[in-house]
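Visitor: Right, I'll just put the structure down here and ask away after.
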Amino acid sequence: MESALRRAPARHTFERILRLTRTGIADGEFLGDLSRLLREVVPFDASFWTGADPVTMLATSPSRLENLGSGEYCDLYWENEFFVEDVNHFHTLAGLPTPAASLCRVTGGRPARSSRYRTVNIVQGLGDELRCVFRAGGDVWGYMCLWRAADARPFDLGEEHLVASLSAPIGEAFRRSALLRPNPVIGVPHGPGLLMFDRTGALESLNEPAEAWLQRLPFTRLSHDDPGATPIPAELRSVVNKARAIAAGRDTGAARARLQVGGRWVVIHGFVLREAGSEGGRTALVIESANAAEMAPLIVRAYQLGRREQQVIHLIAAGLTTSEIAVRLCLSTHTVRGYLKRIFEKVEVSTRGELTAKIFADHYKETMHPDFALDL
């Protein structure tokens, strides 16, 4: 990191990046500014930036791509992420002490050992790549990949360290943006959108609400289909491939991603359909407005609330006093006051009324996970 910031202009730019992460809202403009500033201290020729669902790590909005053609290698990129044994997968970086790594360093200077390098990078004239996940509170809120041209020098260790040092500040910017107050949106499609994909991941059919959703969602469009075909955003591709990987036994969890659309939340579900007596083939994708149950895990992570803290919030919303909460939870009043102090700090409020309004009114009523709630 020291070598990357040895010049005063580079140090000044680095401070501007940190200032942006402290004050900016993680949207498309934020990613554009972030990319422009980072390029001044860590030069790169192409890049991919995206927010992530902290529960599933799937790509969501905002997202940004630079100098990657028309996106004709998008499918290969995500198939590599979910189906191919390779180095520096985002889910691998998420579990490492250092959240950033370059391809050349990890492969010992032999990047051709990477399937992604051979099938995606080389054909686009790209060489070394530097990946980083943006972590905050133990969760991944976004990630990026930087590439250099095939004839450019690889990323060095100082540049890796510099990018890794930005993981938490950028992750905090994404986490903070997840707590923006939802606003009503005019023209949101009525009913869920349904898209059907064949065994290869090609779109077969979709209903009218799905067409309406695709027109409204702020996706990064990366389809290489025919001009008259429906463009399939990268964020949908990641959910489709996650669903296929789960069905094939190569991944676990849920193929689900949440994202904000004009101030309100939308959820995308993916699942593989099975016919009786045969293996799974077609993949269904559903797009719909997110309800409180879908939002609960994300809001809990965004505020970094523990199990007891969620229980205390529920009882505060029910109007119980500190003493009554202590009795209900079999805790001392001193312990309850400690929970309240931490909750107020995390949610950035100073009174019980502000807390209830911010958690329940600003997001969704009953947004806490039902497993953590008490019968009131």
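FYI, nothing fancy with the structure tokens labels: chains A, B, ... in order, residues from 1 per chain, ligands from 1 as they appear.
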Name all residues at most 9 Å from A:Tyr117 (count only C-alpha atoms; drop same-chain ones fewer than 2 positions away) and give them as an MDAnalysis selection string.
Guide: chainID A and resid 103 111:115 119:123 126:129
Visitor: Measuring atom to atom with only C-alpha atoms, identify which of A:Tyr77, A:Val84, A:Glu211, A:Ser165 is nearest to A:Ile17.
Guide: A:Ser165
Visitor: Can you tell me, as number ranges by chain, which residues in stretch 79-278 of chain A count as helix (DSSP H, G or I) by DSSP?
Guide: A: 79-83, 90-94, 103-106, 111-113, 115-124, 157-165, 167-177, 208-216, 234-247
Visitor: Let me make sure I understand: among A:Gly137, A:Gly319, A:Pro9, A:Pro154, which one has the smallest atom-to-atom distance to A:Arg175 if we use only C-alpha atoms?
Guide: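 Closest to A:Arg175, using only C-alpha atoms: A:Gly137.
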Visitor: What separation in Å, quoted to one decimal, exists between atom CA of A:Val312 and atom CA of A:Ala290?
Guide: 24.6 Å
